[in-house]
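Novice: Structure: query.csv, CSV, C-alpha atoms and all ligand atoms.
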```csv
chain,number,residue,atom,x,y,z
A,11,MET,CA,103.6,98.0,81.0
A,12,ILE,CA,106.0,96.3,83.3
A,13,ARG,CA,106.9,92.7,82.4
A,14,THR,CA,109.7,90.8,84.3
A,15,PRO,CA,111.1,87.2,84.3
A,16,ILE,CA,108.7,86.1,87.1
A,17,CYS,CA,105.8,86.5,84.6
A,18,ASP,CA,107.2,83.7,82.5
A,19,VAL,CA,108.0,81.5,85.5
A,20,VAL,CA,104.4,81.4,86.7
A,21,GLY,CA,102.5,82.2,83.5
A,22,ILE,CA,101.1,85.7,84.4
A,23,GLU,CA,101.0,89.0,82.6
A,24,LYS,CA,101.7,91.3,85.5
A,25,PRO,CA,104.4,90.8,88.2
A,26,VAL,CA,102.0,91.1,91.2
A,27,PHE,CA,101.3,88.3,93.6
A,28,GLN,CA,98.4,88.6,96.1
A,29,GLY,CA,99.5,87.6,99.6
A,30,GLY,CA,98.1,84.3,100.9
A,31,MET,CA,96.2,85.8,103.9
A,32,ALA,CA,94.9,83.2,106.3
A,33,TRP,CA,91.1,83.1,106.7
A,34,ILE,CA,90.8,85.8,104.0
A,35,ALA,CA,92.4,84.8,100.7
A,36,ASP,CA,89.7,82.6,99.1
A,37,ALA,CA,88.6,81.7,95.6
A,38,SER,CA,86.8,85.1,95.3
A,39,LEU,CA,89.9,87.2,95.8
A,40,ALA,CA,92.3,84.9,94.1
A,41,SER,CA,90.3,84.6,90.9
A,42,ALA,CA,89.9,88.4,90.8
A,43,VAL,CA,93.6,89.0,91.0
A,44,SER,CA,94.4,86.2,88.5
A,45,ASN,CA,91.8,87.6,86.1
A,46,ALA,CA,93.5,91.0,86.4
A,47,GLY,CA,96.7,89.4,85.2
A,48,GLY,CA,98.5,89.0,88.5
A,49,LEU,CA,98.9,85.8,90.6
A,50,GLY,CA,95.9,85.2,92.8
A,51,VAL,CA,96.5,83.0,95.8
A,52,ILE,CA,94.2,80.9,97.9
A,53,SER,CA,95.3,80.5,101.5
A,54,ALA,CA,95.1,76.9,102.8
A,55,MET,CA,95.5,78.5,106.3
A,56,ASN,CA,94.3,76.2,109.1
A,57,ALA,CA,91.6,74.5,107.1
A,58,ASP,CA,91.3,70.9,106.1
A,59,ALA,CA,91.8,69.2,102.8
A,60,GLU,CA,88.1,69.3,101.8
A,61,TRP,CA,87.9,73.0,102.3
A,62,LEU,CA,91.0,73.6,100.2
A,63,ARG,CA,89.8,71.3,97.4
A,64,GLY,CA,86.5,73.1,97.3
A,65,GLN,CA,88.2,76.5,97.0
A,66,ILE,CA,90.6,75.3,94.2
A,67,ARG,CA,87.6,74.0,92.2
A,68,ALA,CA,85.7,77.1,92.8
A,69,CYS,CA,88.6,79.2,91.6
A,70,ARG,CA,88.9,77.2,88.5
A,71,GLU,CA,85.2,78.0,87.8
A,72,LEU,CA,86.0,81.7,88.1
A,73,THR,CA,89.3,81.9,86.2
A,74,ASP,CA,91.1,80.1,83.4
A,75,ARG,CA,94.4,81.7,84.5
A,76,PRO,CA,97.1,80.4,86.8
A,77,PHE,CA,96.6,80.9,90.5
A,78,GLY,CA,98.6,79.7,93.6
A,79,VAL,CA,97.9,78.1,96.9
A,80,ASN,CA,99.6,79.3,100.0
A,81,ILE,CA,100.4,76.6,102.6
A,82,MET,CA,101.1,77.8,106.1
A,83,LEU,CA,103.6,75.2,107.3
A,84,GLN,CA,102.4,75.4,110.9
A,85,SER,CA,98.9,74.4,110.0
A,86,PRO,CA,97.7,71.2,111.8
A,87,PHE,CA,96.5,70.0,108.4
A,88,VAL,CA,99.7,70.7,106.5
A,89,ASP,CA,100.2,67.0,105.4
A,90,GLU,CA,96.8,66.6,104.0
A,91,VAL,CA,96.7,70.0,102.2
A,92,ALA,CA,100.2,69.3,100.8
A,93,GLN,CA,98.6,66.2,99.1
A,94,VAL,CA,95.6,68.1,97.8
A,95,VAL,CA,97.7,70.5,95.8
A,96,VAL,CA,99.3,67.5,94.1
A,97,ASP,CA,96.0,65.7,93.5
A,98,GLU,CA,94.4,68.9,92.1
A,99,HIS,CA,97.4,69.8,89.9
A,100,VAL,CA,97.8,73.2,91.4
A,101,SER,CA,100.4,75.0,89.3
A,102,VAL,CA,102.0,77.2,92.0
A,103,VAL,CA,102.5,76.6,95.8
A,104,ILE,CA,103.7,79.4,98.0
A,105,THR,CA,104.7,78.4,101.5
A,106,GLY,CA,105.0,80.5,104.7
A,107,ALA,CA,105.9,80.3,108.4
A,108,GLY,CA,108.5,77.6,108.1
A,109,THR,CA,110.9,75.4,106.1
A,110,PRO,CA,109.1,73.5,103.2
A,111,ASN,CA,111.8,71.1,102.2
A,112,LYS,CA,110.0,68.0,103.4
A,113,HIS,CA,107.0,68.7,101.2
A,114,MET,CA,109.1,69.9,98.3
A,115,LYS,CA,110.2,66.3,97.8
A,116,SER,CA,106.7,65.5,96.6
A,117,TRP,CA,105.8,68.8,95.0
A,118,VAL,CA,108.8,69.3,92.8
A,119,PRO,CA,108.6,65.9,91.1
A,120,ALA,CA,104.8,66.5,90.6
A,121,GLY,CA,105.7,69.6,88.5
A,122,ILE,CA,104.4,72.1,91.0
A,123,LYS,CA,106.3,75.4,91.0
A,124,VAL,CA,107.2,76.0,94.6
A,125,ILE,CA,107.9,79.6,95.7
A,126,PRO,CA,108.6,79.7,99.5
A,127,VAL,CA,108.3,82.9,101.5
A,128,VAL,CA,111.6,83.4,103.2
A,129,ALA,CA,112.7,85.9,105.9
A,130,SER,CA,116.4,85.1,105.8
A,131,VAL,CA,119.2,84.4,103.3
A,132,ALA,CA,119.8,81.0,104.9
A,133,LEU,CA,116.3,79.8,104.1
A,134,ALA,CA,116.5,81.3,100.6
A,135,ARG,CA,119.6,79.2,99.8
A,136,LEU,CA,118.1,76.1,101.3
A,137,VAL,CA,114.9,76.2,99.3
A,138,GLU,CA,116.8,77.0,96.1
A,139,ARG,CA,118.8,73.8,96.5
A,140,ALA,CA,115.5,71.9,97.1
A,141,GLY,CA,114.1,73.1,93.7
A,142,ALA,CA,112.2,76.4,94.4
A,143,VAL,CA,111.6,78.2,91.1
A,144,ALA,CA,111.6,81.6,92.9
A,145,VAL,CA,111.4,83.0,96.4
A,146,VAL,CA,109.3,85.7,98.1
A,147,ALA,CA,111.6,87.7,100.3
A,148,GLU,CA,109.3,89.1,103.0
A,149,GLY,CA,110.4,91.9,105.3
A,150,GLY,CA,109.0,92.5,108.8
A,151,GLU,CA,106.8,95.4,107.6
A,152,SER,CA,104.3,92.8,106.4
A,153,GLY,CA,101.3,91.6,108.3
A,154,GLY,CA,100.9,88.2,110.0
A,155,HIS,CA,103.9,86.0,110.9
A,156,VAL,CA,107.1,88.2,110.4
A,157,GLY,CA,110.8,87.7,110.5
A,158,ASP,CA,113.4,90.2,111.9
A,159,LEU,CA,114.8,91.9,108.8
A,160,THR,CA,113.2,94.8,106.9
A,161,THR,CA,112.3,94.5,103.2
A,162,MET,CA,115.0,97.1,102.4
A,163,THR,CA,117.7,95.0,103.9
A,164,LEU,CA,116.4,91.5,103.2
A,165,VAL,CA,115.6,91.8,99.5
A,166,PRO,CA,119.1,92.8,98.2
A,167,GLN,CA,120.8,90.2,100.4
A,168,VAL,CA,118.5,87.5,99.1
A,169,VAL,CA,119.0,88.7,95.5
A,170,ASP,CA,122.7,88.4,95.9
A,171,ALA,CA,122.5,85.0,97.5
A,172,VAL,CA,120.3,83.0,95.0
A,173,ASP,CA,120.1,82.6,91.3
A,174,VAL,CA,116.3,82.2,91.2
A,175,PRO,CA,114.0,85.2,90.7
A,176,VAL,CA,113.1,87.1,93.9
A,177,VAL,CA,109.7,88.6,94.6
A,178,ALA,CA,109.7,91.3,97.3
A,179,ALA,CA,107.1,91.6,100.1
A,180,GLY,CA,106.5,93.7,103.1
A,181,GLY,CA,105.4,97.3,103.1
A,182,ILE,CA,104.6,97.5,99.4
A,183,ALA,CA,101.2,99.1,98.8
A,184,ASP,CA,101.6,101.5,95.9
A,185,GLY,CA,103.7,102.2,92.8
A,186,ARG,CA,106.5,103.7,94.7
A,187,GLY,CA,106.9,100.5,96.7
A,188,VAL,CA,106.8,98.4,93.5
A,189,ALA,CA,109.5,100.6,91.9
A,190,ALA,CA,111.7,100.4,95.0
A,191,ALA,CA,111.4,96.6,95.0
A,192,LEU,CA,112.6,96.5,91.4
A,193,MET,CA,115.5,98.8,92.3
A,194,LEU,CA,116.5,96.4,95.1
A,195,GLY,CA,116.7,93.6,92.5
A,196,ALA,CA,113.3,92.0,92.9
A,197,VAL,CA,111.4,91.0,89.8
A,198,GLY,CA,108.0,91.2,91.3
A,199,VAL,CA,106.0,92.1,94.4
A,200,GLN,CA,103.7,90.3,96.8
A,201,VAL,CA,101.0,92.5,98.3
A,202,GLY,CA,98.6,91.6,101.0
A,203,THR,CA,97.3,94.5,103.1
A,204,ARG,CA,96.1,96.5,100.1
A,205,PHE,CA,94.1,93.6,98.8
A,206,LEU,CA,92.2,93.4,102.1
A,207,VAL,CA,89.9,96.2,100.9
A,208,ALA,CA,89.5,94.9,97.4
A,209,ASP,CA,85.8,94.6,96.4
A,210,GLU,CA,86.2,90.9,95.9
A,211,CYS,CA,87.8,90.3,99.3
A,212,THR,CA,85.3,88.5,101.5
A,213,VAL,CA,86.9,89.6,104.8
A,214,SER,CA,84.5,91.2,107.4
A,215,GLU,CA,83.3,94.8,106.9
A,216,GLU,CA,84.8,95.6,110.3
A,217,TYR,CA,88.2,94.4,109.1
A,218,LYS,CA,88.0,96.6,106.0
A,219,GLU,CA,87.0,99.6,108.0
A,220,ARG,CA,89.8,99.2,110.5
A,221,ILE,CA,92.3,99.0,107.6
A,222,LEU,CA,90.9,102.1,105.9
A,223,LYS,CA,91.1,104.0,109.2
A,224,ALA,CA,94.6,102.8,110.1
A,225,ASN,CA,97.5,105.3,110.3
A,226,ASP,CA,101.3,104.8,110.0
A,227,ILE,CA,101.6,103.6,113.6
A,228,ALA,CA,98.5,101.5,113.7
A,229,THR,CA,100.2,98.1,113.8
A,230,MET,CA,102.3,96.3,116.4
A,231,VAL,CA,104.2,92.9,116.8
A,232,THR,CA,103.3,90.4,119.4
A,233,GLY,CA,104.8,87.0,120.0
A,234,ARG,CA,108.5,88.1,119.7
A,235,ARG,CA,109.3,86.6,123.1
A,236,ASP,CA,108.4,83.1,121.9
A,237,ASP,CA,109.7,83.4,118.3
A,238,GLY,CA,106.2,83.4,116.8
A,239,ALA,CA,106.1,87.1,115.9
A,240,VAL,CA,102.9,88.3,114.4
A,241,ARG,CA,102.1,91.9,113.1
A,242,CYS,CA,98.5,93.0,113.6
A,243,LEU,CA,96.5,96.2,114.2
A,244,LYS,CA,96.7,97.6,117.7
A,245,THR,CA,93.4,96.5,119.1
A,246,PRO,CA,92.0,95.5,122.5
A,247,PHE,CA,93.1,91.9,121.7
A,248,SER,CA,96.6,92.6,120.7
A,249,ARG,CA,97.2,95.0,123.6
A,250,ARG,CA,95.9,92.4,126.0
A,251,TYR,CA,98.2,89.8,124.4
A,252,ALA,CA,101.2,92.1,124.6
A,253,LYS,CA,100.5,92.9,128.3
A,254,LEU,CA,100.2,89.2,129.2
A,255,GLU,CA,103.5,88.6,127.4
A,256,ARG,CA,105.2,91.4,129.4
A,257,GLU,CA,103.8,90.0,132.6
A,258,GLY,CA,105.4,86.6,131.9
A,259,ALA,CA,102.3,84.6,130.9
A,260,SER,CA,103.1,81.0,129.8
A,261,LYS,CA,103.1,80.0,126.2
A,262,GLU,CA,100.0,77.9,126.8
A,263,GLU,CA,98.1,80.8,128.3
A,264,LEU,CA,98.9,82.9,125.3
A,265,ALA,CA,98.0,80.2,122.8
A,266,GLU,CA,94.7,79.9,124.6
A,267,LEU,CA,94.0,83.6,124.2
A,268,GLY,CA,95.1,83.5,120.6
A,269,ARG,CA,93.0,80.5,119.6
A,270,GLY,CA,90.5,81.4,117.0
A,271,SER,CA,91.4,85.1,117.1
A,272,LEU,CA,92.1,85.5,113.4
A,273,ARG,CA,88.8,83.9,112.5
A,274,LYS,CA,87.0,86.2,114.9
A,275,ALA,CA,88.5,89.2,113.1
A,276,ALA,CA,88.3,88.0,109.5
A,277,VAL,CA,84.9,86.2,109.6
A,278,ASP,CA,83.0,87.6,112.6
A,279,GLY,CA,84.5,91.2,112.6
A,280,ASN,CA,84.9,91.0,116.4
A,281,TYR,CA,87.0,94.0,117.2
A,282,GLU,CA,87.3,93.2,120.9
A,283,GLU,CA,88.6,89.6,120.5
A,284,GLY,CA,89.9,89.4,117.0
A,285,SER,CA,93.4,89.5,115.7
A,286,PHE,CA,93.4,91.9,112.7
A,287,MET,CA,96.7,91.0,111.0
A,288,ALA,CA,97.9,93.8,108.8
A,289,GLY,CA,101.2,95.2,107.5
A,290,GLN,CA,102.7,98.6,108.2
A,291,SER,CA,101.4,99.7,104.8
A,292,ALA,CA,97.8,99.8,106.3
A,293,GLY,CA,98.2,103.6,106.7
A,294,MET,CA,98.6,103.8,102.9
A,295,VAL,CA,95.4,102.0,102.2
A,296,THR,CA,92.7,104.5,101.9
A,297,ARG,CA,90.1,103.3,99.4
A,298,ARG,CA,88.1,100.3,98.3
A,299,GLN,CA,88.6,99.2,94.7
A,300,PRO,CA,88.2,96.2,92.5
A,301,ALA,CA,91.2,94.0,92.7
A,302,ALA,CA,92.0,94.7,89.0
A,303,ASP,CA,92.2,98.4,89.7
A,304,ILE,CA,94.7,97.7,92.6
A,305,VAL,CA,96.9,95.6,90.3
A,306,ASP,CA,96.9,98.3,87.6
A,307,ASP,CA,97.4,101.2,90.0
A,308,LEU,CA,100.5,99.4,91.5
A,309,LEU,CA,102.1,98.9,88.1
A,310,GLU,CA,101.1,102.2,86.5
A,311,GLY,CA,102.3,104.0,89.6
A,312,ALA,CA,105.6,102.1,89.4
A,313,GLU,CA,106.0,102.9,85.7
A,314,GLU,CA,105.6,106.6,86.4
A,315,VAL,CA,108.2,106.6,89.2
A,316,LEU,CA,110.6,104.5,87.2
A,317,ARG,CA,110.4,106.9,84.2
A,318,GLY,CA,111.5,109.7,86.5
A,319,ALA,CA,114.1,107.6,88.3
A,320,THR,CA,117.2,109.1,86.6
A,321,ARG,CA,116.1,112.6,87.4
A,322,TRP,CA,119.0,113.3,89.8
A,323,VAL,CA,121.6,111.4,87.8
A,324,ARG,CA,124.3,113.7,86.4
B,401,LIG,O1,103.7,83.1,107.0
B,401,LIG,C1,103.6,84.3,106.8
B,401,LIG,N1,102.6,85.1,107.2
B,401,LIG,C2,101.6,84.6,108.0
B,401,LIG,S1,101.3,83.0,108.5
B,401,LIG,C3,99.9,83.4,109.2
B,401,LIG,S2,98.9,82.3,110.1
B,401,LIG,C4,99.5,82.4,111.6
B,401,LIG,N2,98.6,82.6,112.5
B,401,LIG,C5,99.0,82.7,113.8
B,401,LIG,C6,100.3,82.5,114.2
B,401,LIG,C7,101.2,82.3,113.2
B,401,LIG,C8,100.8,82.2,111.9
B,401,LIG,C9,99.7,84.8,109.1
B,401,LIG,N3,100.7,85.4,108.4
B,401,LIG,N4,104.6,84.9,106.1
B,401,LIG,C10,105.7,84.2,105.5
B,401,LIG,C11,106.8,84.2,106.5
B,401,LIG,N5,107.5,83.2,106.7
B,401,LIG,N6,107.2,85.2,107.3
B,401,LIG,C12,108.2,84.7,108.0
B,401,LIG,C13,108.4,83.5,107.6
B,401,LIG,C14,109.4,82.5,108.1
B,401,LIG,C15,110.0,82.7,109.3
B,401,LIG,C16,110.9,81.8,109.7
B,401,LIG,C17,109.7,81.4,107.3
B,401,LIG,C18,110.6,80.5,107.7
B,401,LIG,C19,111.2,80.7,108.9
B,401,LIG,O2,112.1,79.8,109.2
B,401,LIG,C20,112.3,79.5,110.6
B,401,LIG,C21,111.8,78.1,110.8
B,401,LIG,O3,112.7,77.2,111.0
B,401,LIG,O4,110.6,77.9,110.8
```
Please express the file's structure as structure tokens.
Ligand code: TUI
Specialist:
Amino acid sequence: MIRTPICDVVGIEKPVFQGGMAWIADASLASAVSNAGGLGVISAMNADAEWLRGQIRACRELTDRPFGVNIMLQSPFVDEVAQVVVDEHVSVVITGAGTPNKHMKSWVPAGIKVIPVVASVALARLVERAGAVAVVAEGGESGGHVGDLTTMTLVPQVVDAVDVPVVAAGGIADGRGVAAALMLGAVGVQVGTRFLVADECTVSEEYKERILKANDIATMVTGRRDDGAVRCLKTPFSRRYAKLEREGASKEELAELGRGSLRKAAVDGNYEEGSFMAGQSAGMVTRRQPAADIVDDLLEGAEEVLRGATRWVR
């Protein structure tokens, strides 16, 4: 068994957070991860308040345990979903893709435990001052919106910079990654890509098959030019996007191409036009399993590695 301080912070048994994957992480996946002892997370993504309220209530029907809501700060509905988590007494809010301080002014007094995803030391320090109970330090190996630093370099620098617990994310998909994260000073992990193929994950079959088939070099980053970097599988869509970027297409043209692309991948399974966001660990994801088996495999694998960790120490 591996138990760390983050377990007490959010009221879970096992220090594994499920990543808040937009258009993908719903009550089905979140409740399965929470029932397994980890922290399941519903993504508020680009949906409106009523959708999120429905998912929070559905999740409460499926689990008695704590779960989180991930709020993507660039969502057009960010202000209304920020209010829903207060009204529904959500216990944990995880933020991504921006600086959450404005919303923390209402969340922290409401007793919500706020855990921002950070891609830099500066943001980690800022959110700690604003009342974050922990941070997720996410390296650029992860899927979706990514920062510049790798998990290997970001996590120890964030650990040194803040006093709150640090959860590592980006590139972690098995027990070795979990053990490494703990060695870097993290007290938990956030895992997205591996949960894409969980039995309880409602993402399209096409998406699951593409993840299972992915190899080590199956992902690429687009959007670096306009500082909205996104990691996704190399597909006709992402190659077209990258080509347009190289040819100097305007931000507006690219936004038009990208509109609805994640939904096309996650919901419709449209390989030609969809954006299949995934981390570099996709090549390590080779089988479908119940979410509970994924949580246990991550921690049992880590335990085995950690027991042998002093092998070369003389
Ligand atoms: O947010 C994520 N991952 C995401 S968000 C997302 S939805 C989306 N769809 C299309 C385009 C863009 C987003 C899919 N995946 N991870 C957390 C994360 N946050 N990674 C990096 C950051 C980050 C980067 C810069 C957080 C703050 C930040 O500060 C700069 C600023 O001032 O915004």
Novice: Return as a PyMOL selection string the residues of protein, DNA or RNA that approach ligand LIG 401 (chain B) to within 8 Å, with only C-alpha atoms and all ligand atoms taken into account.
Specialist: chain A and resi 30-32+55-56+82-85+105-109+127-130+133+148-150+152-157+238-240+268+272+287
Novice: Residues near A:Ala292, anyone? I mean within 8 Å using all atoms listed in the file, not counting same-chain ones fewer than 2 positions away, as a PyMOL selection string.
Specialist: chain A and resi 203-204+221-222+224-226+228+288-290+294-295
Novice: Go ahead and write the selection's residues with C-alpha atoms as a compact mmCIF listing (two decimals), in the frame of the given file.
Specialist:
```txt
# COMPACT_ATOMS: atom_id res chain seq x y z
CA THR A 203 97.30 94.50 103.10
CA ARG A 204 96.10 96.50 100.10
CA ILE A 221 92.30 99.00 107.60
CA LEU A 222 90.90 102.10 105.90
CA ALA A 224 94.60 102.80 110.10
CA ASN A 225 97.50 105.30 110.30
CA ASP A 226 101.30 104.80 110.00
CA ALA A 228 98.50 101.50 113.70
CA ALA A 288 97.90 93.80 108.80
CA GLY A 289 101.20 95.20 107.50
CA GLN A 290 102.70 98.60 108.20
CA MET A 294 98.60 103.80 102.90
CA VAL A 295 95.40 102.00 102.20
```
Novice: Can you tell me how far atom CA of A:Arg297 sits from atom CA of A:Pro246, in Å to one decimal?
Specialist: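 Distance between the two atoms: 24.5 Å.
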Novice: Figure out the distance between atom CA of A:Ile66 and atom CA of A:Val103, please, to one decimal in Å.
Specialist: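 Separation between atom CA of A:Val103 and atom CA of A:Ile66: 12.1 Å.
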Novice: For A:Val94, which residue among A:Gln65, A:Thr320, A:Ser271, A:Thr212 is the nearest when counting all atoms listed in the file?
Specialist: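 Smallest distance to A:Val94 is found for A:Gln65.
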Novice: Skip A:Asp306 itself and residues of its chain fewer than 5 positions away, then list as an MDAnalysis selection string all residues within 12 Å of it, counting all atoms listed in the file.
Specialist: chainID A and resid 11:12 23:26 43 45:48 184:185 188 299:301 311:313
Novice: Would you save the residues of that selection, restricted to C-alpha atoms, as a compact mmCIF listing (two decimals), in the frame of the given file?
Specialist:
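So the final result, stored in selection.txt, reads:
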```
# COMPACT_ATOMS: atom_id res chain seq x y z
CA MET A 11 103.60 98.00 81.00
CA ILE A 12 106.00 96.30 83.30
CA GLU A 23 101.00 89.00 82.60
CA LYS A 24 101.70 91.30 85.50
CA PRO A 25 104.40 90.80 88.20
CA VAL A 26 102.00 91.10 91.20
CA VAL A 43 93.60 89.00 91.00
CA ASN A 45 91.80 87.60 86.10
CA ALA A 46 93.50 91.00 86.40
CA GLY A 47 96.70 89.40 85.20
CA GLY A 48 98.50 89.00 88.50
CA ASP A 184 101.60 101.50 95.90
CA GLY A 185 103.70 102.20 92.80
CA VAL A 188 106.80 98.40 93.50
CA GLN A 299 88.60 99.20 94.70
CA PRO A 300 88.20 96.20 92.50
CA ALA A 301 91.20 94.00 92.70
CA GLY A 311 102.30 104.00 89.60
CA ALA A 312 105.60 102.10 89.40
CA GLU A 313 106.00 102.90 85.70
```
Novice: What's the 12 Å shell around A:Ala57, counting all atoms listed in the file, without same-chain residues fewer than 2 positions away, as a PDB file with C-alpha atoms, keeping the file's coordinate frame?
Specialist:
```
ATOM      1  CA  ALA A  32      94.900  83.200 106.300  1.00  0.00           C
ATOM      2  CA  TRP A  33      91.100  83.100 106.700  1.00  0.00           C
ATOM      3  CA  ILE A  34      90.800  85.800 104.000  1.00  0.00           C
ATOM      4  CA  ASP A  36      89.700  82.600  99.100  1.00  0.00           C
ATOM      5  CA  ILE A  52      94.200  80.900  97.900  1.00  0.00           C
ATOM      6  CA  SER A  53      95.300  80.500 101.500  1.00  0.00           C
ATOM      7  CA  ALA A  54      95.100  76.900 102.800  1.00  0.00           C
ATOM      8  CA  MET A  55      95.500  78.500 106.300  1.00  0.00           C
ATOM      9  CA  ALA A  59      91.800  69.200 102.800  1.00  0.00           C
ATOM     10  CA  GLU A  60      88.100  69.300 101.800  1.00  0.00           C
ATOM     11  CA  TRP A  61      87.900  73.000 102.300  1.00  0.00           C
ATOM     12  CA  LEU A  62      91.000  73.600 100.200  1.00  0.00           C
ATOM     13  CA  ARG A  63      89.800  71.300  97.400  1.00  0.00           C
ATOM     14  CA  GLY A  64      86.500  73.100  97.300  1.00  0.00           C
ATOM     15  CA  GLN A  65      88.200  76.500  97.000  1.00  0.00           C
ATOM     16  CA  ASN A  80      99.600  79.300 100.000  1.00  0.00           C
ATOM     17  CA  ILE A  81     100.400  76.600 102.600  1.00  0.00           C
ATOM     18  CA  MET A  82     101.100  77.800 106.100  1.00  0.00           C
ATOM     19  CA  GLN A  84     102.400  75.400 110.900  1.00  0.00           C
ATOM     20  CA  SER A  85      98.900  74.400 110.000  1.00  0.00           C
ATOM     21  CA  PRO A  86      97.700  71.200 111.800  1.00  0.00           C
ATOM     22  CA  PHE A  87      96.500  70.000 108.400  1.00  0.00           C
ATOM     23  CA  VAL A  88      99.700  70.700 106.500  1.00  0.00           C
ATOM     24  CA  ASP A  89     100.200  67.000 105.400  1.00  0.00           C
ATOM     25  CA  GLU A  90      96.800  66.600 104.000  1.00  0.00           C
ATOM     26  CA  VAL A  91      96.700  70.000 102.200  1.00  0.00           C
ATOM     27  CA  ALA A  92     100.200  69.300 100.800  1.00  0.00           C
ATOM     28  CA  VAL A  94      95.600  68.100  97.800  1.00  0.00           C
ATOM     29  CA  ARG A 273      88.800  83.900 112.500  1.00  0.00           C
TER      30      ARG A 273
END
```
Novice: Could you name the residues that touch A:Glu255 at 10 Å or less, counting all atoms listed in the file, but leaving out those on the same chain fewer than 3 positions away, as a ChimeraX atom specification?
Specialist: /A:232-236,249-252,258-261,263-264
Novice: Filtering to C-alpha atoms, could you give me those residues as a PDB file, in the frame of the given file?
Specialist:
```
ATOM      1  CA  THR A 232     103.300  90.400 119.400  1.00  0.00           C
ATOM      2  CA  GLY A 233     104.800  87.000 120.000  1.00  0.00           C
ATOM      3  CA  ARG A 234     108.500  88.100 119.700  1.00  0.00           C
ATOM      4  CA  ARG A 235     109.300  86.600 123.100  1.00  0.00           C
ATOM      5  CA  ASP A 236     108.400  83.100 121.900  1.00  0.00           C
ATOM      6  CA  ARG A 249      97.200  95.000 123.600  1.00  0.00           C
ATOM      7  CA  ARG A 250      95.900  92.400 126.000  1.00  0.00           C
ATOM      8  CA  TYR A 251      98.200  89.800 124.400  1.00  0.00           C
ATOM      9  CA  ALA A 252     101.200  92.100 124.600  1.00  0.00           C
ATOM     10  CA  GLY A 258     105.400  86.600 131.900  1.00  0.00           C
ATOM     11  CA  ALA A 259     102.300  84.600 130.900  1.00  0.00           C
ATOM     12  CA  SER A 260     103.100  81.000 129.800  1.00  0.00           C
ATOM     13  CA  LYS A 261     103.100  80.000 126.200  1.00  0.00           C
ATOM     14  CA  GLU A 263      98.100  80.800 128.300  1.00  0.00           C
ATOM     15  CA  LEU A 264      98.900  82.900 125.300  1.00  0.00           C
TER      16      LEU A 264
END
```
Novice: Determine, counting all atoms listed in the file, every residue of protein, DNA or RNA that lies within 7 Å of (100.2, 84.4, 92.5) in the file coordinates, then give the result as a PyMOL selection string.
Specialist: chain A and resi 27-28+48-51+77-78
Novice: Go through A:Leu164, A:Val102, A:Val146, A:Val118 one by one, measure the shortest atom-to-atom distance of each to A:Ala178 using only C-alpha atoms, and give the residue with the smallest value.
Specialist: A:Val146
Novice: What does the distance from atom CA of A:Val174 to atom CA of A:Ala144 come to in Å, to one decimal?
Specialist: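 Computing it gives 5.0 Å between the two atoms.
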Novice: Between A:Arg324, A:Gly270, A:Gly284, A:Ser291, single out the one closest to A:Ile227, counting all atoms listed in the file.
Specialist: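 Going through A:Arg324, A:Gly270, A:Gly284, A:Ser291 one by one, the smallest distance to A:Ile227 is for A:Ser291.
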